[in-house]
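Raw contents of coords.cif, mmCIF, C-alpha atoms and all ligand atoms:
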```cif
data_input
loop_
_atom_site.label_atom_id
_atom_site.label_comp_id
_atom_site.auth_asym_id
_atom_site.auth_seq_id
_atom_site.Cartn_x
_atom_site.Cartn_y
_atom_site.Cartn_z
CA MET N 850 2.68 12.71 -13.89
CA ALA N 851 0.58 15.56 -12.47
CA LYS N 852 1.38 17.20 -9.15
CA VAL N 853 -0.51 16.14 -6.02
CA THR N 854 -3.03 18.80 -4.96
CA LYS N 855 -5.81 16.78 -3.36
CA ALA N 856 -6.15 15.07 -0.02
CA VAL N 857 -8.76 12.44 0.77
CA ILE N 858 -9.79 11.86 4.37
CA PRO N 859 -11.94 8.81 5.07
CA ALA N 860 -14.22 9.70 8.00
CA ALA N 861 -17.20 7.39 7.71
CA GLY N 862 -16.39 5.04 10.61
CA LEU N 863 -18.95 4.59 13.37
CA GLY N 864 -16.53 5.18 16.23
CA THR N 865 -17.89 2.25 18.22
CA ARG N 866 -14.79 2.15 20.43
CA PHE N 867 -15.80 5.49 21.92
CA LEU N 868 -19.46 4.80 22.64
CA PRO N 869 -21.43 6.40 24.19
CA ALA N 870 -19.42 9.57 23.41
CA THR N 871 -19.90 8.91 19.70
CA LYS N 872 -23.58 8.02 19.85
CA ALA N 873 -24.66 11.35 18.38
CA MET N 874 -21.30 12.86 17.43
CA PRO N 875 -18.64 11.76 14.92
CA LYS N 876 -15.51 10.35 16.54
CA GLU N 877 -13.47 12.75 14.38
CA MET N 878 -14.93 15.62 16.42
CA LEU N 879 -13.57 14.34 19.75
CA PRO N 880 -11.35 17.10 21.10
CA VAL N 881 -7.62 16.55 21.29
CA VAL N 882 -6.74 19.29 23.78
CA ASP N 883 -8.91 22.07 22.29
CA LYS N 884 -9.25 21.14 18.63
CA PRO N 885 -11.26 18.29 17.14
CA ALA N 886 -9.01 15.43 16.01
CA ILE N 887 -10.01 15.97 12.38
CA GLN N 888 -8.69 19.55 12.35
CA TYR N 889 -5.13 18.35 13.01
CA VAL N 890 -5.39 16.11 9.95
CA VAL N 891 -6.76 18.84 7.67
CA GLU N 892 -4.06 21.22 8.94
CA GLU N 893 -1.41 18.62 8.08
CA ALA N 894 -2.73 18.29 4.52
CA VAL N 895 -2.80 22.06 4.05
CA ASP N 896 0.67 22.42 5.54
CA ALA N 897 1.93 19.99 2.90
CA GLY N 898 0.36 22.19 0.19
CA LEU N 899 -2.84 20.19 -0.31
CA HIS N 900 -5.67 22.71 -0.08
CA ASP N 901 -8.32 20.61 -1.80
CA VAL N 902 -9.70 18.19 0.78
CA LEU N 903 -12.33 15.55 0.14
CA MET N 904 -13.89 13.91 3.16
CA ILE N 905 -15.59 10.57 2.82
CA THR N 906 -18.38 10.73 5.37
CA GLY N 907 -21.58 8.96 6.26
CA ARG N 908 -24.74 9.40 8.31
CA ASN N 909 -24.42 11.43 11.52
CA LYS N 910 -21.36 13.26 10.23
CA ASN N 911 -22.94 16.70 9.80
CA ALA N 912 -20.83 18.14 12.60
CA LEU N 913 -17.75 17.65 10.38
CA GLU N 914 -19.20 19.84 7.64
CA ASN N 915 -20.33 22.42 10.20
CA HIS N 916 -16.90 22.60 11.75
CA PHE N 917 -15.31 23.65 8.47
CA ASP N 918 -18.10 26.09 7.61
CA ARG N 919 -19.08 29.53 8.90
CA ALA N 920 -20.71 29.71 12.34
CA THR N 921 -22.44 33.05 11.92
CA GLU N 922 -24.15 33.11 15.32
CA ILE N 923 -20.94 32.45 17.24
CA GLU N 924 -19.02 34.87 15.02
CA ALA N 925 -21.55 37.67 15.59
CA SER N 926 -21.51 37.15 19.34
CA LEU N 927 -17.70 37.17 19.53
CA GLN N 928 -17.54 40.22 17.30
CA LYS N 929 -19.98 42.06 19.56
CA LYS N 930 -17.81 41.27 22.56
CA GLY N 931 -14.66 42.25 20.68
CA ASP N 932 -13.16 38.80 21.44
CA THR N 933 -10.85 38.76 18.43
CA ASP N 934 -8.69 35.88 19.71
CA ARG N 935 -11.56 33.43 19.81
CA LEU N 936 -13.04 34.85 16.61
CA GLU N 937 -9.79 34.09 14.88
CA LYS N 938 -9.88 30.50 16.13
CA VAL N 939 -13.45 30.08 14.93
CA ASN N 940 -12.70 31.51 11.50
CA TYR N 941 -9.48 29.56 11.12
CA SER N 942 -11.13 26.19 10.45
CA THR N 943 -13.62 27.82 8.06
CA GLU N 944 -10.87 29.24 5.90
CA LEU N 945 -8.41 26.38 6.27
CA ALA N 946 -9.08 24.39 3.09
CA ASP N 947 -11.35 23.97 0.12
CA MET N 948 -13.57 21.27 1.62
CA HIS N 949 -15.60 18.71 -0.31
CA TYR N 950 -17.73 15.85 0.94
CA VAL N 951 -19.02 12.59 -0.41
CA ARG N 952 -20.82 9.88 1.51
CA GLN N 953 -19.55 6.34 1.53
CA GLY N 954 -22.99 4.69 1.61
CA ASP N 955 -22.33 1.07 2.48
CA PRO N 956 -19.54 0.70 5.04
CA LYS N 957 -17.52 -1.80 3.04
CA GLY N 958 -14.05 -0.93 4.27
CA LEU N 959 -11.20 1.53 3.76
CA GLY N 960 -10.57 0.46 0.16
CA HIS N 961 -14.21 1.07 -0.65
CA ALA N 962 -14.11 4.49 1.04
CA VAL N 963 -11.07 5.51 -1.03
CA LEU N 964 -12.79 4.32 -4.21
CA ARG N 965 -15.55 6.87 -3.49
CA ALA N 966 -12.96 9.59 -4.21
CA LYS N 967 -12.50 8.50 -7.83
CA MET N 968 -14.71 11.15 -9.47
CA HIS N 969 -13.25 13.98 -7.43
CA VAL N 970 -9.62 12.95 -7.80
CA GLY N 971 -9.53 12.15 -11.51
CA GLU N 972 -6.21 11.26 -13.13
CA ALA N 973 -3.66 12.73 -10.71
CA PRO N 974 -1.92 11.13 -7.75
CA PHE N 975 -3.46 12.09 -4.41
CA ALA N 976 -2.91 11.78 -0.68
CA VAL N 977 -4.98 9.79 1.80
CA LEU N 978 -4.88 10.73 5.47
CA LEU N 979 -6.57 8.62 8.12
CA GLY N 980 -8.07 10.58 10.99
CA ASP N 981 -7.06 8.20 13.79
CA ASP N 982 -3.40 9.07 13.33
CA ILE N 983 -2.11 12.50 14.26
CA ILE N 984 1.40 13.34 13.11
CA ASP N 985 3.15 15.97 15.21
CA ALA N 986 3.23 19.19 13.18
CA ARG N 987 6.90 19.65 14.17
CA ASP N 988 7.90 16.43 12.37
CA VAL N 989 7.87 16.03 8.61
CA LEU N 990 6.07 13.13 6.97
CA LEU N 991 3.57 14.02 4.27
CA LYS N 992 5.87 16.56 2.60
CA ARG N 993 8.60 13.92 2.43
CA MET N 994 6.14 11.37 0.99
CA LEU N 995 5.10 13.85 -1.72
CA GLN N 996 8.74 14.40 -2.57
CA VAL N 997 9.39 10.65 -2.87
CA GLN N 998 6.22 10.27 -4.96
CA ALA N 999 7.39 12.95 -7.36
CA GLU N 1000 10.91 11.53 -7.63
CA ARG N 1001 9.90 7.92 -8.13
CA ASN N 1002 6.50 8.42 -9.77
CA ALA N 1003 5.24 5.61 -7.58
CA THR N 1004 2.74 4.99 -4.80
CA VAL N 1005 4.07 5.82 -1.33
CA VAL N 1006 2.98 4.64 2.12
CA ALA N 1007 4.12 5.80 5.55
CA LEU N 1008 5.77 3.10 7.65
CA LEU N 1009 6.49 3.04 11.35
CA GLU N 1010 8.49 0.45 13.26
CA VAL N 1011 6.18 -1.00 15.92
CA ASP N 1012 6.52 -3.58 18.65
CA PRO N 1013 6.00 -7.02 16.98
CA ASP N 1014 3.15 -7.60 19.46
CA GLN N 1015 1.28 -4.68 17.86
CA ILE N 1016 1.67 -5.57 14.19
CA HIS N 1017 -1.67 -7.44 14.10
CA MET N 1018 -3.39 -4.03 14.32
CA TYR N 1019 -1.83 -2.68 11.11
CA GLY N 1020 -1.03 -3.35 7.50
CA ALA N 1021 2.49 -4.87 7.55
CA ALA N 1022 5.09 -4.42 4.82
CA ALA N 1023 7.82 -6.62 3.37
CA VAL N 1024 10.56 -4.26 2.21
CA GLU N 1025 13.92 -3.89 0.49
CA THR N 1026 16.36 -1.07 1.16
CA THR N 1027 16.97 1.71 -1.38
CA ASP N 1028 19.76 4.26 -1.81
CA GLU N 1029 17.91 6.57 0.64
CA ASP N 1030 18.02 5.88 4.37
CA ASP N 1031 14.36 6.71 5.03
CA VAL N 1032 12.93 5.10 1.87
CA VAL N 1033 12.27 1.40 1.27
CA ARG N 1034 10.77 -0.47 -1.66
CA VAL N 1035 7.67 -2.35 -0.60
CA THR N 1036 7.68 -5.88 -2.02
CA GLY N 1037 4.55 -7.11 -0.25
CA LEU N 1038 1.79 -6.05 2.13
CA VAL N 1039 -0.46 -8.00 4.48
CA GLU N 1040 -3.44 -6.51 6.32
CA LYS N 1041 -3.36 -7.11 10.08
CA PRO N 1042 -1.24 -10.30 10.11
CA ASN N 1043 -0.59 -12.42 13.20
CA LYS N 1044 2.81 -11.76 14.68
CA ASP N 1045 4.19 -15.15 13.56
CA VAL N 1046 3.38 -14.59 9.87
CA ALA N 1047 4.00 -10.83 9.64
CA PRO N 1048 6.59 -9.97 6.96
CA SER N 1049 8.18 -7.37 9.28
CA ASN N 1050 7.32 -5.05 12.14
CA LEU N 1051 6.98 -2.12 9.74
CA ALA N 1052 3.38 -0.94 10.08
CA ILE N 1053 1.48 1.27 7.66
CA ILE N 1054 0.38 4.36 9.52
CA GLY N 1055 -2.47 6.33 8.07
CA ARG N 1056 -0.72 8.33 5.35
CA TYR N 1057 -0.62 7.34 1.69
CA VAL N 1058 0.21 9.05 -1.61
CA LEU N 1059 -1.51 6.97 -4.25
CA ARG N 1060 -1.29 6.83 -7.99
CA PRO N 1061 -4.76 7.06 -9.55
CA GLU N 1062 -4.46 3.52 -10.97
CA VAL N 1063 -5.39 2.42 -7.45
CA PHE N 1064 -9.03 3.07 -8.37
CA GLU N 1065 -9.08 0.45 -11.15
CA ILE N 1066 -7.48 -2.02 -8.78
CA LEU N 1067 -9.94 -1.22 -5.98
CA GLU N 1068 -12.79 -1.81 -8.39
CA HIS N 1069 -11.86 -5.48 -8.56
CA THR N 1070 -10.37 -5.94 -5.09
CA LYS N 1071 -12.26 -8.69 -3.30
CA PRO N 1072 -13.26 -8.37 0.35
CA GLY N 1073 -10.31 -9.34 2.55
CA LYS N 1074 -9.67 -9.17 6.29
CA GLY N 1075 -12.92 -8.73 8.22
CA GLY N 1076 -14.92 -9.14 5.00
CA GLU N 1077 -13.98 -5.56 4.02
CA ILE N 1078 -12.41 -4.16 0.85
CA GLN N 1079 -8.94 -3.40 2.09
CA LEU N 1080 -6.73 -0.64 0.72
CA THR N 1081 -3.75 -2.76 1.81
CA ASP N 1082 -4.83 -5.55 -0.58
CA ALA N 1083 -5.01 -3.12 -3.52
CA LEU N 1084 -1.56 -1.81 -2.63
CA GLU N 1085 -0.22 -5.36 -2.38
CA GLU N 1086 -1.26 -5.73 -6.03
CA MET N 1087 0.42 -2.43 -6.92
CA ALA N 1088 3.61 -3.50 -5.13
CA GLY N 1089 3.93 -6.09 -7.90
CA ASP N 1090 4.11 -3.10 -10.30
CA VAL N 1091 1.00 -4.06 -12.25
CA GLU N 1092 0.91 -2.49 -15.71
CA GLY N 1093 3.80 -0.18 -14.95
CA THR N 1094 2.22 1.68 -12.04
CA GLY N 1095 5.62 2.36 -10.55
CA GLY N 1096 5.43 0.01 -7.58
CA VAL N 1097 5.08 0.99 -3.93
CA TYR N 1098 7.64 2.70 -1.73
CA GLY N 1099 7.61 3.31 1.99
CA VAL N 1100 8.83 6.37 3.86
CA ILE N 1101 10.00 5.31 7.32
CA PHE N 1102 8.68 7.78 9.87
CA ARG N 1103 10.77 8.31 12.96
CA GLY N 1104 8.88 11.26 14.43
CA ARG N 1105 6.03 11.70 16.85
CA ARG N 1106 2.72 10.07 16.03
CA TYR N 1107 -0.36 9.97 18.21
CA ASP N 1108 -3.08 7.37 17.89
CA THR N 1109 -6.50 8.74 18.69
CA GLY N 1110 -8.43 5.68 17.53
CA ASP N 1111 -8.14 3.83 20.80
CA ARG N 1112 -9.33 5.13 24.19
CA LEU N 1113 -6.07 4.65 26.07
CA ASP N 1114 -3.92 6.06 23.25
CA TYR N 1115 -6.36 8.96 22.89
CA ILE N 1116 -5.83 9.94 26.53
CA LYS N 1117 -2.05 9.63 26.08
CA ALA N 1118 -2.21 11.81 22.94
CA ILE N 1119 -4.01 14.59 24.79
CA VAL N 1120 -1.50 14.57 27.65
CA GLN N 1121 1.52 14.45 25.31
CA LEU N 1122 0.26 17.31 23.16
CA ALA N 1123 -0.88 19.45 26.09
CA VAL N 1124 2.44 19.08 27.93
CA ASP N 1125 4.22 20.66 24.95
CA ARG N 1126 1.78 23.54 24.59
CA GLU N 1127 2.97 26.95 25.67
CA ASP N 1128 -0.34 27.91 27.25
CA LEU N 1129 -1.03 24.62 29.05
CA GLY N 1130 2.34 22.91 29.59
CA VAL N 1131 3.42 25.24 32.38
CA GLY N 1132 0.46 24.28 34.49
CA LEU N 1133 0.22 20.66 33.43
CA ARG N 1134 3.84 19.52 33.86
CA PRO N 1135 4.20 20.10 37.61
CA TRP N 1136 0.74 18.71 38.24
CA LEU N 1137 1.57 15.57 36.24
CA ARG N 1138 4.78 15.02 38.22
CA GLU N 1139 2.91 15.31 41.48
CA PHE N 1140 0.13 13.08 40.26
CA ALA N 1141 2.59 10.42 39.04
CA ALA N 1142 4.49 10.57 42.33
CA GLY N 1143 1.19 10.03 44.13
CA LEU N 1144 0.54 6.96 41.99
CA GLU N 1145 4.00 5.57 42.87
CA SER N 1146 3.51 5.93 46.61
CA ASN N 1147 -0.10 4.74 46.69
CA THR N 1148 -0.66 1.37 48.29
CA PRO N 1149 -2.81 -0.76 45.99
CA SER N 1150 -6.38 -0.91 47.28
CA GLY N 1151 -7.04 -3.92 49.46
CA ASP N 1152 -3.42 -3.94 50.58
CA VAL N 1153 -3.83 -1.31 53.26
CA ASP N 1154 -2.42 -2.21 56.72
C1 LIG I 1 -6.22 0.96 8.62
C2 LIG I 1 -5.53 0.14 7.53
C3 LIG I 1 -4.24 -0.48 8.08
C4 LIG I 1 -3.36 0.62 8.64
C5 LIG I 1 -4.13 1.43 9.70
C6 LIG I 1 -3.31 2.63 10.15
O1 LIG I 1 -6.72 0.09 9.60
O2 LIG I 1 -6.41 -0.86 7.06
O3 LIG I 1 -3.57 -1.15 7.04
O4 LIG I 1 -2.21 0.04 9.20
O5 LIG I 1 -5.36 1.91 9.19
O6 LIG I 1 -3.92 3.31 11.19
P1 LIG I 1 -7.78 0.54 10.74
O7 LIG I 1 -6.96 1.12 11.84
O8 LIG I 1 -8.68 1.54 10.10
O9 LIG I 1 -8.48 -0.71 11.16
#
```

Could you spell out this file's structure in structure tokens?
Ligand code: G1P
Amino acid sequence: MAKVTKAVIPAAGLGTRFLPATKAMPKEMLPVVDKPAIQYVVEEAVDAGLHDVLMITGRNKNALENHFDRATEIEASLQKKGDTDRLEKVNYSTELADMHYVRQGDPKGLGHAVLRAKMHVGEAPFAVLLGDDIIDARDVLLKRMLQVQAERNATVVALLEVDPDQIHMYGAAAVETTDEDDVVRVTGLVEKPNKDVAPSNLAIIGRYVLRPEVFEILEHTKPGKGGEIQLTDALEEMAGDVEGTGGVYGVIFRGRRYDTGDRLDYIKAIVQLAVDREDLGVGLRPWLREFAAGLESNTPSGDVD
């Protein structure tokens, strides 16, 4: 089977959890420290060797296209000032990848968004990266998934062990072990199950390497959880190895992952990433310690003597 060269990034969601910040701006543009969340995801794809990136967008997503395009006015002004550092940062996202865009149209779910990539992807396997998950660039995930895909000629999902109380927020996998410690065979998948019926606490995080047969399956996948066409349901069908599509494998991720899809986790992600940054960590760490100590010693309001 052909080598993976393309990455698909669904980015058509309305970002309702972040209103009003996302009223006139895509949630993918929310800054995580000093880069929009989406840039981390595109950088991850490129770092894994996938330079051809297709974004599935929708209305009000123009800022995404602008971010990965030239900004001549800003460039000219920085050039005039001789601010080469900032100019480099501005140009970086322009030159990062070969960007393509298609609109989803009706918001019918993640499976439907992925199906919109069919024409662009063609007959080769491809990666899907969801923008709400940021994988720490120091930890390897996508490259490992591509390796497993090539070895097993199968479909591969990223799995993360989560607290059983959280599994209802994810696709959950039933798995069998393989001869590799970080690889499991997926025997079944359920989208956002209740804790008591979940097949395991292994959650799909937003990274997939899919065989192109997924498109035919998505074409007949019926609306599932939430009335949406779920990618998880199509993969559940593939896990049964329909028509020799190689089945589904999971790569267990044990590295650092940041969730930017939820307000509290978004704040945590910014703090975690900033603390580790050379330019910001030095100032942030001592301040955080002091701030946390202040929280410890504070008497809860209403409890004051
Ligand atoms: C989607 C998928 C789900 C997966 C999750 C990972 O859900 O449907 O299977 O576990 O992404 O972030 P969403 O978070 O878009 O509701």

**OP:** Give the residues close to ligand LIG 1 (chain I), within 8 Å, counting all atoms listed in the file; write them as JSON, numbers by chain.
**Re:** {"N": [959, 979, 981, 982, 1018, 1019, 1020, 1021, 1039, 1040, 1041, 1052, 1053, 1054, 1055, 1056, 1079, 1080, 1081, 1108, 1110]}

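Shortest separation to Leu1008 of chain N among N:Asp1031, N:Glu922, N:Asp988, N:Asp955 occurs at residue N:Asp1031, atoms counted being all atoms listed in the file.
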
Who sits within 7 Å of segment 906-918 of chain N, all atoms listed in the file, same chain under 3 positions skipped, as a compact mmCIF listing (two decimals) with C-alpha atoms, keeping the file's coordinate frame:
```
# COMPACT_ATOMS: atom_id res chain seq x y z
CA PRO N 859 -11.94 8.81 5.07
CA ALA N 860 -14.22 9.70 8.00
CA ALA N 861 -17.20 7.39 7.71
CA ALA N 873 -24.66 11.35 18.38
CA MET N 874 -21.30 12.86 17.43
CA PRO N 875 -18.64 11.76 14.92
CA MET N 878 -14.93 15.62 16.42
CA SER N 942 -11.13 26.19 10.45
CA THR N 943 -13.62 27.82 8.06
CA TYR N 950 -17.73 15.85 0.94
CA VAL N 951 -19.02 12.59 -0.41
CA ARG N 952 -20.82 9.88 1.51
CA GLN N 953 -19.55 6.34 1.53
CA GLY N 954 -22.99 4.69 1.61
```

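In this structure, atom CA of Asp1014 of chain N sits 22.2 Å away from atom CA of Glu1085 of chain N.
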
Subject >> Long-range neighbours of Gln998 of chain N as a VMD selection string, 12 Å cut-off, only C-alpha atoms, 5 positions minimum in chain >> reply: chain N and resid 850 to 853 973 to 976 991 to 993 1003 to 1007 1032 1057 to 1060 1094 to 1100

Subject >> Proximity to Ile1066 of chain N - best of N:Ile858, N:Ile1116, N:Ala1141, N:Leu964, all atoms listed in the file >> reply: N:Leu964

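Comparing the minimum interatomic distances between Asp1030 of chain N and each of N:Val902, N:Ile1101, N:Ala925, N:Leu1144, counting all atoms listed in the file, we find that N:Ile1101 sits nearest.
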
Original post:
How would you write as an MDAnalysis selection string the residues that get within 10 Å of (-14.2, 4.0, 24.1) in the file's frame, counting only C-alpha atoms?
Top reply: chainID N and resid 864:871 876 1110:1113 1115

Can I get the selected residues back with C-alpha atoms, as a short mmCIF file (atom, residue, chain, number, x, y, z; two decimals), keeping the file's coordinate frame?
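For reference, out.cif as written:
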```cif
data_model
loop_
_atom_site.label_atom_id
_atom_site.label_comp_id
_atom_site.auth_asym_id
_atom_site.auth_seq_id
_atom_site.Cartn_x
_atom_site.Cartn_y
_atom_site.Cartn_z
CA GLY N 864 -16.53 5.18 16.23
CA THR N 865 -17.89 2.25 18.22
CA ARG N 866 -14.79 2.15 20.43
CA PHE N 867 -15.80 5.49 21.92
CA LEU N 868 -19.46 4.80 22.64
CA PRO N 869 -21.43 6.40 24.19
CA ALA N 870 -19.42 9.57 23.41
CA THR N 871 -19.90 8.91 19.70
CA LYS N 876 -15.51 10.35 16.54
CA GLY N 1110 -8.43 5.68 17.53
CA ASP N 1111 -8.14 3.83 20.80
CA ARG N 1112 -9.33 5.13 24.19
CA LEU N 1113 -6.07 4.65 26.07
CA TYR N 1115 -6.36 8.96 22.89
#
```

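The gap separating atom CA of Ile1119 of chain N from atom CA of Val891 of chain N is 17.9 Å, in Å to one decimal.
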
Original post:
Taking all atoms listed in the file into account, which of N:Asp1090, N:His900, N:Pro1072, N:Val1011 comes nearest Glu944 of chain N?
Top reply: N:His900

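Between atom CA of Val989 of chain N and atom CA of Lys938 of chain N there is a distance of 24.1 Å.
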
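Nearest residue to Leu863 of chain N among N:Val895, N:Trp1136, N:Leu1122, N:Glu877 is N:Glu877, counting all atoms listed in the file.
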
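Among the candidates N:Leu1129, N:Ala986, N:Ile923, N:Leu995, the residue lying nearest to Asp883 of chain N is N:Leu1129 (atoms considered: all atoms listed in the file).
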
**OP:** Just the residues within 8 Å of Ala1118 of chain N, please, counting all atoms listed in the file, with nothing from its chain fewer than 6 positions along; format it as a PyMOL selection string.
**Re:** chain N and resi 881+1107-1109

Where atoms are absent from segment 1011-1027 of chain N, fill them in so it carries N, CA, C and O atoms, then output it as a PDB file, in the coordinates of the input.
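Below is the file part.pdb, written as the result:
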```pdb
ATOM      1  N   VAL N1011       6.977  -0.806  14.693  1.00  0.00           N
ATOM      2  CA  VAL N1011       6.180  -1.000  15.920  1.00  0.00           C
ATOM      3  C   VAL N1011       6.659  -2.256  16.642  1.00  0.00           C
ATOM      4  O   VAL N1011       7.370  -3.089  16.073  1.00  0.00           O
ATOM      5  N   ASP N1012       6.252  -2.373  17.883  1.00  0.00           N
ATOM      6  CA  ASP N1012       6.520  -3.580  18.650  1.00  0.00           C
ATOM      7  C   ASP N1012       5.873  -4.764  17.909  1.00  0.00           C
ATOM      8  O   ASP N1012       4.714  -4.656  17.510  1.00  0.00           O
ATOM      9  N   PRO N1013       6.597  -5.886  17.709  1.00  0.00           N
ATOM     10  CA  PRO N1013       6.000  -7.020  16.980  1.00  0.00           C
ATOM     11  C   PRO N1013       4.644  -7.460  17.551  1.00  0.00           C
ATOM     12  O   PRO N1013       3.790  -7.947  16.818  1.00  0.00           O
ATOM     13  N   ASP N1014       4.434  -7.225  18.853  1.00  0.00           N
ATOM     14  CA  ASP N1014       3.150  -7.600  19.460  1.00  0.00           C
ATOM     15  C   ASP N1014       1.992  -6.717  18.986  1.00  0.00           C
ATOM     16  O   ASP N1014       0.833  -7.018  19.259  1.00  0.00           O
ATOM     17  N   GLN N1015       2.328  -5.615  18.305  1.00  0.00           N
ATOM     18  CA  GLN N1015       1.280  -4.680  17.860  1.00  0.00           C
ATOM     19  C   GLN N1015       0.967  -4.823  16.372  1.00  0.00           C
ATOM     20  O   GLN N1015       0.000  -4.223  15.896  1.00  0.00           O
ATOM     21  N   ILE N1016       1.777  -5.587  15.664  1.00  0.00           N
ATOM     22  CA  ILE N1016       1.670  -5.570  14.190  1.00  0.00           C
ATOM     23  C   ILE N1016       0.306  -6.086  13.707  1.00  0.00           C
ATOM     24  O   ILE N1016      -0.163  -5.683  12.650  1.00  0.00           O
ATOM     25  N   HIS N1017      -0.364  -6.908  14.514  1.00  0.00           N
ATOM     26  CA  HIS N1017      -1.670  -7.440  14.100  1.00  0.00           C
ATOM     27  C   HIS N1017      -2.742  -6.352  13.997  1.00  0.00           C
ATOM     28  O   HIS N1017      -3.848  -6.607  13.523  1.00  0.00           O
ATOM     29  N   MET N1018      -2.412  -5.128  14.409  1.00  0.00           N
ATOM     30  CA  MET N1018      -3.390  -4.030  14.320  1.00  0.00           C
ATOM     31  C   MET N1018      -3.202  -3.182  13.061  1.00  0.00           C
ATOM     32  O   MET N1018      -3.926  -2.220  12.842  1.00  0.00           O
ATOM     33  N   TYR N1019      -2.200  -3.532  12.253  1.00  0.00           N
ATOM     34  CA  TYR N1019      -1.830  -2.680  11.110  1.00  0.00           C
ATOM     35  C   TYR N1019      -1.663  -3.491   9.828  1.00  0.00           C
ATOM     36  O   TYR N1019      -1.565  -4.710   9.860  1.00  0.00           O
ATOM     37  N   GLY N1020      -1.527  -2.757   8.724  1.00  0.00           N
ATOM     38  CA  GLY N1020      -1.030  -3.350   7.500  1.00  0.00           C
ATOM     39  C   GLY N1020       0.489  -3.477   7.684  1.00  0.00           C
ATOM     40  O   GLY N1020       1.124  -2.543   8.153  1.00  0.00           O
ATOM     41  N   ALA N1021       1.047  -4.656   7.353  1.00  0.00           N
ATOM     42  CA  ALA N1021       2.490  -4.870   7.550  1.00  0.00           C
ATOM     43  C   ALA N1021       3.182  -5.005   6.206  1.00  0.00           C
ATOM     44  O   ALA N1021       2.619  -5.565   5.261  1.00  0.00           O
ATOM     45  N   ALA N1022       4.407  -4.468   6.113  1.00  0.00           N
ATOM     46  CA  ALA N1022       5.090  -4.420   4.820  1.00  0.00           C
ATOM     47  C   ALA N1022       6.350  -5.278   4.788  1.00  0.00           C
ATOM     48  O   ALA N1022       7.118  -5.305   5.751  1.00  0.00           O
ATOM     49  N   ALA N1023       6.535  -5.975   3.668  1.00  0.00           N
ATOM     50  CA  ALA N1023       7.820  -6.620   3.370  1.00  0.00           C
ATOM     51  C   ALA N1023       8.586  -5.601   2.535  1.00  0.00           C
ATOM     52  O   ALA N1023       8.022  -5.021   1.603  1.00  0.00           O
ATOM     53  N   VAL N1024       9.847  -5.350   2.882  1.00  0.00           N
ATOM     54  CA  VAL N1024      10.560  -4.260   2.210  1.00  0.00           C
ATOM     55  C   VAL N1024      11.986  -4.622   1.805  1.00  0.00           C
ATOM     56  O   VAL N1024      12.565  -5.567   2.329  1.00  0.00           O
ATOM     57  N   GLU N1025      12.504  -3.838   0.869  1.00  0.00           N
ATOM     58  CA  GLU N1025      13.920  -3.890   0.490  1.00  0.00           C
ATOM     59  C   GLU N1025      14.492  -2.490   0.659  1.00  0.00           C
ATOM     60  O   GLU N1025      13.774  -1.510   0.448  1.00  0.00           O
ATOM     61  N   THR N1026      15.779  -2.403   0.980  1.00  0.00           N
ATOM     62  CA  THR N1026      16.360  -1.070   1.160  1.00  0.00           C
ATOM     63  C   THR N1026      16.519  -0.374  -0.208  1.00  0.00           C
ATOM     64  O   THR N1026      16.495  -1.025  -1.257  1.00  0.00           O
ATOM     65  N   THR N1027      16.668   0.945  -0.173  1.00  0.00           N
ATOM     66  CA  THR N1027      16.970   1.710  -1.380  1.00  0.00           C
ATOM     67  C   THR N1027      18.225   2.541  -1.105  1.00  0.00           C
ATOM     68  O   THR N1027      18.828   2.393  -0.041  1.00  0.00           O
TER      69      THR N1027
END
```
